[in-house]
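Printed here is my_file07.txt (compact mmCIF, C-alpha atoms and all ligand atoms):
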```txt
# COMPACT_ATOMS: atom_id res chain seq x y z
CA VAL U 1 -12.51 17.97 32.90
CA ARG U 2 -11.61 17.04 36.45
CA ALA U 3 -8.97 14.57 35.29
CA ALA U 4 -7.14 17.26 33.32
CA ALA U 5 -5.68 18.91 36.41
CA ALA U 6 -4.60 15.61 37.90
CA LEU U 7 -3.08 14.55 34.60
CA ALA U 8 -1.00 17.72 34.39
CA ASP U 9 2.39 16.13 35.06
CA LEU U 10 1.66 13.12 32.80
CA VAL U 11 0.33 14.78 29.69
CA GLU U 12 1.12 17.43 27.13
CA GLU U 13 -1.63 19.47 25.51
CA ARG U 14 -2.41 20.08 21.84
CA VAL U 15 0.16 17.66 20.45
CA PRO U 16 0.15 17.34 16.62
CA LEU U 17 -0.90 13.86 15.54
CA ALA U 18 -0.19 14.09 11.80
CA PRO U 19 3.47 13.06 12.16
CA ARG U 20 2.30 10.03 14.15
CA SER U 21 0.17 8.46 11.43
CA THR U 22 1.04 6.99 8.04
CA TYR U 23 -1.52 9.33 6.38
CA LYS U 24 0.38 12.28 7.90
CA MET U 25 -2.87 14.19 8.36
CA GLY U 26 -5.20 15.25 11.13
CA GLY U 27 -5.18 17.78 13.96
CA THR U 28 -3.88 17.69 17.52
CA ALA U 29 -4.54 15.55 20.57
CA ARG U 30 -6.30 17.59 23.28
CA TYR U 31 -4.14 15.66 25.76
CA PHE U 32 -1.24 13.37 24.90
CA CYS U 33 0.65 10.96 27.14
CA GLU U 34 3.83 9.21 26.09
CA ALA U 35 3.80 6.35 28.62
CA LEU U 36 7.30 5.55 29.83
CA ASP U 37 6.37 2.34 31.60
CA GLU U 38 3.47 0.41 33.12
CA GLN U 39 3.66 2.53 36.27
CA THR U 40 2.75 5.57 34.16
CA LEU U 41 -0.20 3.68 32.68
CA LEU U 42 -1.35 2.62 36.16
CA ARG U 43 -1.17 6.23 37.37
CA LEU U 44 -3.21 7.29 34.35
CA ALA U 45 -5.73 4.55 35.12
CA GLY U 46 -6.09 5.80 38.69
CA ILE U 47 -6.94 9.28 37.42
CA LEU U 48 -9.12 8.19 34.49
CA ALA U 49 -11.31 6.01 36.72
CA GLU U 50 -12.68 9.34 38.01
CA ASP U 51 -13.55 10.76 34.62
CA ASP U 52 -15.14 10.02 31.30
CA ILE U 53 -12.57 11.43 28.88
CA PRO U 54 -12.46 9.87 25.35
CA LEU U 55 -9.38 7.68 24.94
CA LEU U 56 -7.30 6.67 21.94
CA VAL U 57 -4.41 4.24 22.30
CA LEU U 58 -2.17 5.18 19.39
CA GLY U 59 0.31 2.72 17.92
CA ARG U 60 2.13 3.61 14.70
CA GLY U 61 -1.03 5.17 13.25
CA SER U 62 -0.97 2.86 10.23
CA ASN U 63 -4.66 1.99 10.39
CA LEU U 64 -6.03 5.38 11.37
CA VAL U 65 -7.58 8.46 9.79
CA ILE U 66 -7.29 11.21 12.39
CA SER U 67 -9.84 14.02 12.11
CA ASP U 68 -8.72 17.42 10.82
CA SER U 69 -9.92 18.84 14.14
CA GLY U 70 -7.85 16.29 16.04
CA PHE U 71 -8.81 13.99 18.89
CA PRO U 72 -10.91 15.65 21.60
CA GLY U 73 -9.67 13.49 24.47
CA LEU U 74 -6.55 11.73 25.71
CA VAL U 75 -4.19 9.97 23.28
CA VAL U 76 -1.93 7.41 24.93
CA HIS U 77 1.22 6.27 23.16
CA LEU U 78 3.64 3.64 24.43
CA GLY U 79 7.20 4.90 24.64
CA ALA U 80 10.51 3.26 23.70
CA HIS U 81 10.56 1.19 26.90
CA PHE U 82 7.80 -0.92 25.33
CA SER U 83 9.82 -1.87 22.25
CA GLU U 84 12.13 -4.58 23.52
CA VAL U 85 12.12 -7.91 21.63
CA ARG U 86 13.22 -11.04 23.52
CA VAL U 87 13.63 -14.68 22.60
CA GLU U 88 12.40 -16.48 25.71
CA PRO U 89 14.10 -19.67 26.99
CA ASP U 90 11.18 -21.76 25.67
CA GLY U 91 11.66 -20.32 22.14
CA MET U 92 8.73 -17.96 22.26
CA VAL U 93 9.42 -14.46 20.95
CA SER U 94 8.05 -11.67 23.09
CA ALA U 95 7.84 -8.00 22.17
CA GLY U 96 6.67 -4.81 23.85
CA GLY U 97 3.43 -3.21 22.66
CA SER U 98 5.13 -0.38 20.74
CA THR U 99 7.58 -2.63 18.85
CA SER U 100 7.45 -2.03 15.11
CA LEU U 101 6.27 -5.21 13.35
CA PRO U 102 9.04 -5.18 10.70
CA ILE U 103 11.61 -4.92 13.53
CA LEU U 104 9.94 -7.84 15.32
CA ALA U 105 10.10 -9.93 12.12
CA ARG U 106 13.77 -9.10 11.45
CA THR U 107 14.92 -9.49 15.06
CA ALA U 108 13.27 -12.92 15.34
CA ALA U 109 14.81 -13.96 12.01
CA GLN U 110 18.30 -12.87 13.07
CA ALA U 111 17.88 -14.81 16.31
CA GLY U 112 17.15 -17.99 14.32
CA ARG U 113 13.39 -17.99 14.97
CA GLY U 114 10.93 -18.41 12.09
CA GLY U 115 7.19 -17.93 11.63
CA LEU U 116 6.92 -14.17 12.10
CA GLU U 117 8.15 -13.13 8.63
CA PHE U 118 4.69 -11.98 7.53
CA PHE U 119 4.96 -9.07 9.98
CA VAL U 120 7.76 -7.51 7.91
CA GLY U 121 5.23 -6.05 5.46
CA ILE U 122 2.87 -4.50 8.03
CA PRO U 123 3.98 -1.04 9.19
CA GLY U 124 2.15 -1.19 12.54
CA SER U 125 3.07 -2.01 16.14
CA VAL U 126 2.68 -5.18 18.19
CA GLY U 127 -0.24 -3.63 20.13
CA GLY U 128 -1.94 -2.58 16.90
CA ALA U 129 -1.43 -6.05 15.42
CA VAL U 130 -3.09 -7.73 18.40
CA ARG U 131 -5.93 -5.20 18.42
CA MET U 132 -6.55 -5.62 14.67
CA ASN U 133 -5.51 -9.28 14.36
CA ALA U 134 -3.29 -8.03 11.54
CA GLY U 135 -2.37 -10.51 8.85
CA CYS U 136 -1.18 -11.06 5.33
CA HIS U 137 0.31 -13.70 3.04
CA GLY U 138 -2.01 -16.32 4.52
CA THR U 139 -1.06 -15.78 8.18
CA GLU U 140 -2.86 -13.79 10.87
CA THR U 141 -1.63 -12.63 14.27
CA THR U 142 -4.02 -15.08 15.96
CA GLU U 143 -2.09 -18.04 14.50
CA ARG U 144 1.15 -16.93 16.18
CA LEU U 145 -0.06 -15.17 19.33
CA ARG U 146 0.37 -17.18 22.54
CA HIS U 147 -0.88 -14.43 24.80
CA ALA U 148 -0.89 -10.69 25.35
CA ARG U 149 -0.48 -8.63 28.51
CA VAL U 150 -3.36 -6.17 28.66
CA LEU U 151 -3.66 -3.19 31.00
CA SER U 152 -7.04 -1.53 31.44
CA LEU U 153 -6.89 2.24 31.69
CA SER U 154 -10.33 2.26 33.24
CA THR U 155 -9.69 -0.17 36.11
CA GLY U 156 -5.89 -0.50 36.33
CA GLU U 157 -6.29 -4.26 36.08
CA ILE U 158 -3.56 -6.21 34.24
CA THR U 159 -4.52 -9.52 32.61
CA GLN U 160 -2.88 -12.06 30.37
CA ARG U 161 -5.16 -13.09 27.49
CA ASP U 162 -4.78 -15.66 24.76
CA ALA U 163 -6.17 -15.45 21.23
CA ALA U 164 -9.42 -17.19 22.21
CA GLU U 165 -10.01 -14.82 25.12
CA LEU U 166 -9.34 -11.88 22.78
CA GLU U 167 -11.84 -13.43 20.31
CA LEU U 168 -9.45 -12.67 17.46
CA GLY U 169 -11.28 -12.82 14.13
CA TYR U 170 -10.91 -11.16 10.75
CA ARG U 171 -9.33 -7.79 11.68
CA TYR U 172 -11.17 -8.04 14.98
CA SER U 173 -10.47 -8.42 18.68
CA ASN U 174 -12.67 -7.70 21.67
CA LEU U 175 -10.13 -5.21 23.10
CA GLN U 176 -11.87 -2.06 24.32
CA PRO U 177 -10.60 1.49 23.64
CA CYS U 178 -9.38 1.69 27.25
CA GLU U 179 -7.30 -1.51 27.01
CA VAL U 180 -3.60 -1.34 26.21
CA VAL U 181 -1.49 -4.25 24.99
CA THR U 182 1.83 -3.71 26.73
CA ARG U 183 3.56 -6.92 25.62
CA ALA U 184 2.80 -9.99 23.51
CA TRP U 185 4.28 -13.48 23.25
CA PHE U 186 4.47 -15.22 19.88
CA LEU U 187 5.03 -18.83 18.91
CA SER U 188 8.04 -19.36 16.67
CA ARG U 189 10.13 -22.25 15.37
CA PRO U 190 13.87 -22.71 14.92
CA GLN U 191 14.82 -21.60 11.41
CA PRO U 192 18.19 -20.91 9.76
CA ALA U 193 18.76 -17.17 9.27
CA GLU U 194 19.29 -17.65 5.48
CA GLU U 195 15.84 -19.24 5.12
CA SER U 196 14.29 -16.38 7.12
CA SER U 197 16.08 -13.81 4.93
CA ARG U 198 14.66 -15.48 1.83
CA LEU U 199 11.10 -15.37 3.26
CA LEU U 200 11.50 -11.75 4.36
CA ARG U 201 12.67 -10.81 0.85
CA GLU U 202 9.70 -12.63 -0.69
CA VAL U 203 7.21 -10.70 1.45
CA THR U 204 8.82 -7.32 0.77
CA ARG U 205 9.06 -8.00 -2.97
CA TRP U 206 5.35 -8.97 -3.12
CA ARG U 207 4.47 -5.74 -1.33
CA ARG U 208 6.56 -3.63 -3.68
CA ASP U 209 4.92 -5.24 -6.70
CA HIS U 210 1.31 -5.04 -5.48
CA GLN U 211 0.96 -2.05 -3.17
CA PRO U 212 1.37 1.70 -3.67
CA GLY U 213 4.63 2.04 -1.73
CA GLY U 214 5.95 5.53 -1.09
CA THR U 215 2.45 7.03 -0.88
CA LEU U 216 0.44 8.30 2.08
CA ASN U 217 -2.14 5.64 2.99
CA ALA U 218 -3.32 3.43 5.86
CA GLY U 219 -3.35 0.06 4.13
CA SER U 220 -6.56 -1.68 3.10
CA VAL U 221 -9.51 0.67 3.45
CA PHE U 222 -12.27 -1.98 3.49
CA ARG U 223 -12.49 -5.50 4.87
CA ASN U 224 -12.90 -8.10 2.18
CA PRO U 225 -16.55 -9.21 1.97
CA PRO U 226 -17.09 -12.97 2.36
CA GLY U 227 -15.73 -14.83 -0.67
CA ASP U 228 -14.54 -11.72 -2.49
CA ALA U 229 -11.92 -8.98 -2.38
CA ALA U 230 -12.88 -5.35 -1.77
CA GLY U 231 -10.11 -4.19 -4.15
CA ARG U 232 -11.44 -6.39 -6.94
CA LEU U 233 -15.00 -5.03 -6.54
CA ILE U 234 -13.82 -1.41 -6.55
CA ASP U 235 -11.52 -2.01 -9.54
CA GLU U 236 -14.25 -3.77 -11.50
CA LEU U 237 -16.50 -0.71 -11.14
CA GLY U 238 -13.76 1.41 -12.73
CA LEU U 239 -13.18 3.43 -9.58
CA LYS U 240 -9.35 3.39 -9.61
CA GLY U 241 -8.24 7.02 -9.69
CA MET U 242 -11.59 8.32 -8.36
CA ARG U 243 -10.88 11.47 -6.38
CA VAL U 244 -12.51 13.55 -3.65
CA GLY U 245 -10.45 16.69 -3.08
CA SER U 246 -7.02 15.63 -1.88
CA ALA U 247 -7.73 11.87 -1.63
CA SER U 248 -7.94 9.31 -4.41
CA VAL U 249 -8.34 5.57 -5.01
CA SER U 250 -4.88 4.16 -5.78
CA GLN U 251 -4.21 3.25 -9.40
CA LYS U 252 -2.06 0.35 -8.19
CA HIS U 253 -4.43 -1.29 -5.68
CA ALA U 254 -8.08 -0.21 -5.54
CA ASN U 255 -8.45 -0.95 -1.80
CA PHE U 256 -5.75 1.60 -0.95
CA PHE U 257 -6.85 5.25 -0.82
CA VAL U 258 -3.94 7.60 -1.26
CA ALA U 259 -3.71 11.13 0.17
CA ASP U 260 -1.86 14.05 -1.36
CA PRO U 261 0.72 15.60 0.99
CA GLY U 262 -1.12 17.93 3.37
CA ALA U 263 -4.46 16.31 2.48
CA SER U 264 -7.60 16.68 4.56
CA ALA U 265 -8.87 13.72 6.56
CA GLN U 266 -12.42 14.76 5.68
CA ASP U 267 -11.59 14.09 2.01
CA VAL U 268 -10.58 10.51 2.88
CA TYR U 269 -13.79 10.12 4.88
CA ASP U 270 -15.92 11.43 2.00
CA LEU U 271 -14.09 9.24 -0.53
CA VAL U 272 -14.73 6.17 1.64
CA TRP U 273 -18.44 6.98 1.64
CA SER U 274 -18.57 7.73 -2.11
CA VAL U 275 -16.93 4.39 -2.93
CA ARG U 276 -19.12 2.54 -0.40
CA ARG U 277 -22.26 3.99 -1.95
CA ARG U 278 -21.20 3.22 -5.54
CA VAL U 279 -20.28 -0.38 -4.67
CA ARG U 280 -23.58 -0.77 -2.85
CA GLU U 281 -25.56 0.64 -5.81
CA GLN U 282 -23.82 -1.60 -8.34
CA THR U 283 -23.42 -4.84 -6.37
CA GLY U 284 -25.75 -4.66 -3.36
CA ILE U 285 -22.73 -5.11 -1.04
CA TRP U 286 -22.02 -2.67 1.81
CA LEU U 287 -18.25 -2.69 2.22
CA GLU U 288 -17.19 -2.34 5.85
CA PRO U 289 -14.20 -0.09 6.59
CA GLU U 290 -11.10 -1.73 8.04
CA ILE U 291 -9.40 1.62 8.65
CA GLN U 292 -10.55 3.45 11.75
CA PHE U 293 -11.64 7.06 12.02
CA ALA U 294 -10.56 8.93 15.15
CA GLY U 295 -12.20 12.19 16.22
CA PRO U 296 -15.19 13.98 14.66
CA PHE U 297 -16.03 14.02 10.92
CA ARG U 298 -18.80 15.93 9.10
CA PRO U 299 -21.42 13.58 7.62
CA SER U 300 -20.48 12.87 4.01
CA PRO U 301 -22.89 13.86 1.21
CA ASP U 302 -23.09 10.11 0.39
CA GLU U 303 -23.94 9.09 3.94
CA GLY U 304 -27.52 8.30 4.74
CA LEU U 305 -28.55 7.97 1.09
CA PRO U 306 -30.60 4.84 0.42
C1 LIG Y 1 1.21 0.32 3.64
C2 LIG Y 1 0.35 -0.42 4.65
C3 LIG Y 1 0.18 -1.79 4.51
C4 LIG Y 1 -0.62 -2.48 5.43
N1 LIG Y 1 -0.76 -3.82 5.28
C5 LIG Y 1 -1.50 -4.50 6.17
C6 LIG Y 1 -1.64 -5.93 6.05
O1 LIG Y 1 -1.09 -6.55 5.15
N2 LIG Y 1 -2.38 -6.58 6.96
C7 LIG Y 1 -2.99 -5.92 8.00
O2 LIG Y 1 -3.66 -6.57 8.80
N3 LIG Y 1 -2.89 -4.58 8.14
C8 LIG Y 1 -2.16 -3.87 7.25
N4 LIG Y 1 -2.03 -2.50 7.40
C9 LIG Y 1 -2.78 -1.81 8.47
C10 LIG Y 1 -2.04 -1.63 9.80
O3 LIG Y 1 -0.64 -1.61 9.61
C11 LIG Y 1 -2.41 -2.70 10.82
O4 LIG Y 1 -3.79 -2.66 11.14
C12 LIG Y 1 -1.61 -2.54 12.15
O5 LIG Y 1 -1.86 -3.68 12.95
C13 LIG Y 1 -1.99 -1.30 12.92
O6 LIG Y 1 -1.01 -1.10 13.92
P1 LIG Y 1 -0.70 0.37 14.48
O7 LIG Y 1 0.27 0.25 15.57
O8 LIG Y 1 -0.32 1.26 13.36
O9 LIG Y 1 -2.12 0.78 15.04
P2 LIG Y 1 -2.85 2.20 14.98
O10 LIG Y 1 -3.17 2.53 13.56
O11 LIG Y 1 -2.09 3.20 15.75
O12 LIG Y 1 -4.20 1.83 15.73
C14 LIG Y 1 -5.08 0.88 15.19
C15 LIG Y 1 -5.94 0.32 16.32
O13 LIG Y 1 -5.12 -0.41 17.22
C16 LIG Y 1 -5.25 0.12 18.53
N5 LIG Y 1 -3.94 0.02 19.20
C17 LIG Y 1 -2.74 0.48 18.76
N6 LIG Y 1 -1.78 0.17 19.65
C18 LIG Y 1 -2.39 -0.48 20.66
C19 LIG Y 1 -1.94 -1.06 21.89
N7 LIG Y 1 -0.66 -1.02 22.30
N8 LIG Y 1 -2.86 -1.66 22.69
C20 LIG Y 1 -4.17 -1.72 22.34
N9 LIG Y 1 -4.65 -1.19 21.20
C21 LIG Y 1 -3.76 -0.59 20.36
C22 LIG Y 1 -5.70 1.56 18.33
O14 LIG Y 1 -6.36 2.06 19.47
C23 LIG Y 1 -6.61 1.41 17.15
O15 LIG Y 1 -7.87 0.92 17.56
C24 LIG Y 1 -1.25 -1.78 6.49
C25 LIG Y 1 -1.05 -0.39 6.63
C26 LIG Y 1 -0.26 0.28 5.72
C27 LIG Y 1 -0.05 1.77 5.88
```
Produce structure tokens that represent the structure in this file.
Amino acid sequence: VRAAAALADLVEERVPLAPRSTYKMGGTARYFCEALDEQTLLRLAGILAEDDIPLLVLGRGSNLVISDSGFPGLVVHLGAHFSEVRVEPDGMVSAGGSTSLPILARTAAQAGRGGLEFFVGIPGSVGGAVRMNAGCHGTETTERLRHARVLSLSTGEITQRDAAELELGYRYSNLQPCEVVTRAWFLSRPQPAEESSRLLREVTRWRRDHQPGGTLNAGSVFRNPPGDAAGRLIDELGLKGMRVGSASVSQKHANFFVADPGASAQDVYDLVWSVRRRVREQTGIWLEPEIQFAGPFRPSPDEGLP
């Protein structure tokens, strides 16, 4: 790869990715760049324009299954410089792309700004939330996002895009793999800190009661099909507890697939396919994964069956 030589002072090689994802599994990044600032990203862009290396922008890895053989290209991660939260003079709350969503929710609340409490239960980053249009408890990122600053690693262009331009839909945006959200601005309203604390507690309590906390997972595995809930369909077919190797369907919430410590990503992949096929056979519905697979996976025995 021509770019590899030019990237030498910006990247490390063979960096373990397991500690950087909530599943704590997967191999290494062939190349890894911890971007200190936008200048670093622009330098990367200048080099990458010359080459065709696969790219993965990694947030907090809370929606990802990283292949056991790792990612065969360049993984870009935003460093601490991108985690500043600010209340702007007009009351908007802005946060860098690597800001943890629970920290965004709590910082806004402490500053007397309400409306972002739902983020406290989502263990991702601001960039990941914009990319996925993350949401819960009846609110999605699109309802609060004013605009995002997006840097293209293929052209070096920086643009400011609002929710409509990003085409935010159900766990969808039109952001491309080479596009990095470096900062986002959110609408908020004045709210007494005590009221915010109450809402934050409500969200965290709901999570504790309904989700398999303390386990290795990446949140909801499948998108909900129109008018139904993926977890309900999987539960109704009696698939809670179903296991492939080191991965199993959570007993607490059937749309969460839990990995044993040291599990293989291929097991999660195969379990996803097994459940998909069973749901399809019994209900006629093809569930679509919400989690994303990064790097190569072997075709599952259930893949390709009618
Ligand atoms: C316990 C648990 C509960 C969860 N609950 C919810 C929930 O209620 N609602 C919900 O929507 N999700 C939920 N999730 C899933 C996940 O937290 C969200 O999808 C989150 O937005 C992903 O953010 P991330 O930083 O971890 O992204 P990653 O997993 O690192 O990446 C996900 C995608 O975002 C892209 N990306 C990451 N950072 C950037 C960036 N700076 N710029 C551009 N693209 C970027 C990646 O390239 C990738 O395509 C849950 C996950 C867990 C583990």
Considering all atoms listed in the file, tabulate each residue of region 156-264 of chain U that lies at most 9 Å from region 280-293 of chain U along with its nearest interatomic pair and the corresponding distance in Å to one decimal; arrange the rows by chain and ascending residue number and present them as CSV.
```
residue,atom,partner,partner_atom,distance
U:Arg171,CA,U:Glu290,CA,7.3
U:Ala218,CA,U:Ile291,CA,6.9
U:Gly219,CA,U:Ile291,CA,7.7
U:Ser220,CA,U:Glu290,CA,6.7
U:Val221,CA,U:Ile291,CA,5.3
U:Phe222,CA,U:Pro289,CA,4.1
U:Arg223,CA,U:Glu290,CA,5.1
U:Asn224,CA,U:Leu287,CA,7.6
U:Pro225,CA,U:Leu287,CA,6.7
U:Ala230,CA,U:Leu287,CA,7.2
U:Leu233,CA,U:Thr283,CA,8.4
U:Leu237,CA,U:Gln282,CA,7.9
```
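When only C-alpha atoms and all ligand atoms are used to measure the gap to ligand LIG 1 (chain Y), the shortest distance among U:Leu271, U:Leu58, U:Ala254, U:Ala164 belongs to U:Leu58.
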Which residues of chain U come within 7 Å of ligand LIG 1 (chain Y), and what is each one's closest atom pair and distance in Å (one decimal), counting all atoms listed in the file, sorted by chain and residue number, as CSV?
```
residue,atom,partner,partner_atom,distance
U:Thr22,CA,Y:LIG1,C27,5.8
U:Leu56,CA,Y:LIG1,O14,5.3
U:Val57,CA,Y:LIG1,O14,4.1
U:Leu58,CA,Y:LIG1,O11,4.1
U:Gly59,CA,Y:LIG1,O11,3.3
U:Arg60,CA,Y:LIG1,O8,3.6
U:Gly61,CA,Y:LIG1,O11,3.4
U:Ser62,CA,Y:LIG1,O8,3.6
U:Asn63,CA,Y:LIG1,O10,3.5
U:Leu64,CA,Y:LIG1,O10,4.6
U:Leu78,CA,Y:LIG1,N7,6.7
U:Gly97,CA,Y:LIG1,N7,4.7
U:Ser98,CA,Y:LIG1,N7,6.0
U:Gly121,CA,Y:LIG1,O1,6.3
U:Ile122,CA,Y:LIG1,N1,4.6
U:Pro123,CA,Y:LIG1,O3,4.7
U:Gly124,CA,Y:LIG1,O6,3.4
U:Ser125,CA,Y:LIG1,O7,3.6
U:Val126,CA,Y:LIG1,O7,6.5
U:Gly127,CA,Y:LIG1,N7,3.4
U:Gly128,CA,Y:LIG1,O6,3.5
U:Ala129,CA,Y:LIG1,O5,3.5
U:Val130,CA,Y:LIG1,O5,6.9
U:Arg131,CA,Y:LIG1,O13,5.0
U:Met132,CA,Y:LIG1,O5,5.4
U:Asn133,CA,Y:LIG1,O2,6.5
U:Ala134,CA,Y:LIG1,O2,3.1
U:Gly135,CA,Y:LIG1,O2,4.1
U:Cys136,CA,Y:LIG1,O1,4.5
U:Arg171,CA,Y:LIG1,O2,6.5
U:Leu175,CA,Y:LIG1,C20,6.9
U:Pro177,CA,Y:LIG1,O14,6.0
U:Glu179,CA,Y:LIG1,C20,5.6
U:Val180,CA,Y:LIG1,N8,3.6
U:Val181,CA,Y:LIG1,N8,3.7
U:Thr182,CA,Y:LIG1,N7,5.7
U:Gly213,CA,Y:LIG1,C1,6.6
U:Asn217,CA,Y:LIG1,C27,5.3
U:Ala218,CA,Y:LIG1,C27,3.7
U:Gly219,CA,Y:LIG1,C25,3.4
U:Ser220,CA,Y:LIG1,N4,6.3
U:Gln292,CA,Y:LIG1,O15,6.9
```
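In terms of minimum interatomic distance to Leu153 (chain U), U:Arg43 ranks closest within U:Arg113, U:Lys240, U:Arg43, U:His77, counting only C-alpha atoms.
The spacing separating CA of Asp228 (chain U) from CA of Ser248 (chain U) amounts to 22.1 Å.
Computed from the coordinates, the CA of Arg205 (chain U) to CA of Pro102 (chain U) distance equals 14.0 Å.
Proximity ranking of U:Tyr269, U:Leu168, U:Ala184, U:Tyr23 relative to Arg146 (chain U) places U:Ala184 first, based on only C-alpha atoms.
As for CA of Leu239 (chain U) and CA of Arg278 (chain U), they are spaced 9.0 Å apart.
Proximity to Ala95 (chain U) was assessed for U:Ile47, U:Arg183, U:Cys33, U:Gly238 counting only C-alpha atoms; the smallest distance is recorded for U:Arg183.
Proximity of U:Val244, U:Ala45, U:Leu166, U:Val85 to Thr142 (chain U), computed with all atoms listed in the file, is greatest for U:Leu166.
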Find the residues near Val11 (chain U): any atom within 8 Å, counting all atoms listed in the file, skip ones fewer than 3 places away on the same chain, and give them as an mmCIF file with C-alpha atoms, keeping the file's coordinate frame.
```
data_model
loop_
_atom_site.group_PDB
_atom_site.id
_atom_site.type_symbol
_atom_site.label_atom_id
_atom_site.label_comp_id
_atom_site.auth_asym_id
_atom_site.auth_seq_id
_atom_site.Cartn_x
_atom_site.Cartn_y
_atom_site.Cartn_z
ATOM 1 C CA LEU U 7 -3.080 14.550 34.600
ATOM 2 C CA ALA U 8 -1.000 17.720 34.390
ATOM 3 C CA TYR U 31 -4.140 15.660 25.760
ATOM 4 C CA PHE U 32 -1.240 13.370 24.900
ATOM 5 C CA CYS U 33 0.650 10.960 27.140
ATOM 6 C CA GLU U 34 3.830 9.210 26.090
#
```
Is it possible to produce a file of region 45-56 of chain U from this structure, with N, CA, C and O atoms, as a tab-separated table (two decimals), in the first residue's frame?
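Dumped to selection.tsv:
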```
chain	number	residue	atom	x	y	z
U	45	ALA	N	-6.29	12.72	5.20
U	45	ALA	CA	-7.10	12.83	3.98
U	45	ALA	C	-6.20	13.04	2.77
U	45	ALA	O	-6.40	12.44	1.71
U	46	GLY	N	-5.19	13.90	2.94
U	46	GLY	CA	-4.27	14.18	1.83
U	46	GLY	C	-3.59	12.91	1.35
U	46	GLY	O	-3.41	12.69	0.15
U	47	ILE	N	-3.24	12.04	2.30
U	47	ILE	CA	-2.54	10.80	1.94
U	47	ILE	C	-3.52	9.78	1.36
U	47	ILE	O	-3.26	9.12	0.38
U	48	LEU	N	-4.72	9.69	1.99
U	48	LEU	CA	-5.67	8.66	1.59
U	48	LEU	C	-6.26	8.92	0.21
U	48	LEU	O	-6.70	8.00	-0.46
U	49	ALA	N	-6.26	10.19	-0.21
U	49	ALA	CA	-6.79	10.51	-1.54
U	49	ALA	C	-6.03	9.72	-2.60
U	49	ALA	O	-6.53	9.45	-3.69
U	50	GLU	N	-4.78	9.36	-2.28
U	50	GLU	CA	-3.91	8.66	-3.23
U	50	GLU	C	-4.15	7.16	-3.24
U	50	GLU	O	-3.57	6.44	-4.03
U	51	ASP	N	-4.90	6.65	-2.28
U	51	ASP	CA	-4.95	5.20	-2.11
U	51	ASP	C	-6.37	4.73	-1.81
U	51	ASP	O	-7.25	5.51	-1.52
U	52	ASP	N	-6.52	3.41	-1.85
U	52	ASP	CA	-7.85	2.84	-1.73
U	52	ASP	C	-7.96	1.94	-0.51
U	52	ASP	O	-8.56	0.89	-0.56
U	53	ILE	N	-7.39	2.35	0.60
U	53	ILE	CA	-7.31	1.50	1.78
U	53	ILE	C	-8.67	1.47	2.50
U	53	ILE	O	-9.32	2.51	2.62
U	54	PRO	N	-9.15	0.28	2.95
U	54	PRO	CA	-10.44	0.26	3.67
U	54	PRO	C	-10.33	1.09	4.95
U	54	PRO	O	-9.31	1.09	5.63
U	55	LEU	N	-11.43	1.80	5.26
U	55	LEU	CA	-11.43	2.72	6.40
U	55	LEU	C	-12.51	2.34	7.40
U	55	LEU	O	-13.62	1.99	7.01
U	56	LEU	N	-12.20	2.46	8.68
U	56	LEU	CA	-13.24	2.33	9.71
U	56	LEU	C	-13.04	3.47	10.70
U	56	LEU	O	-11.98	3.59	11.32
```
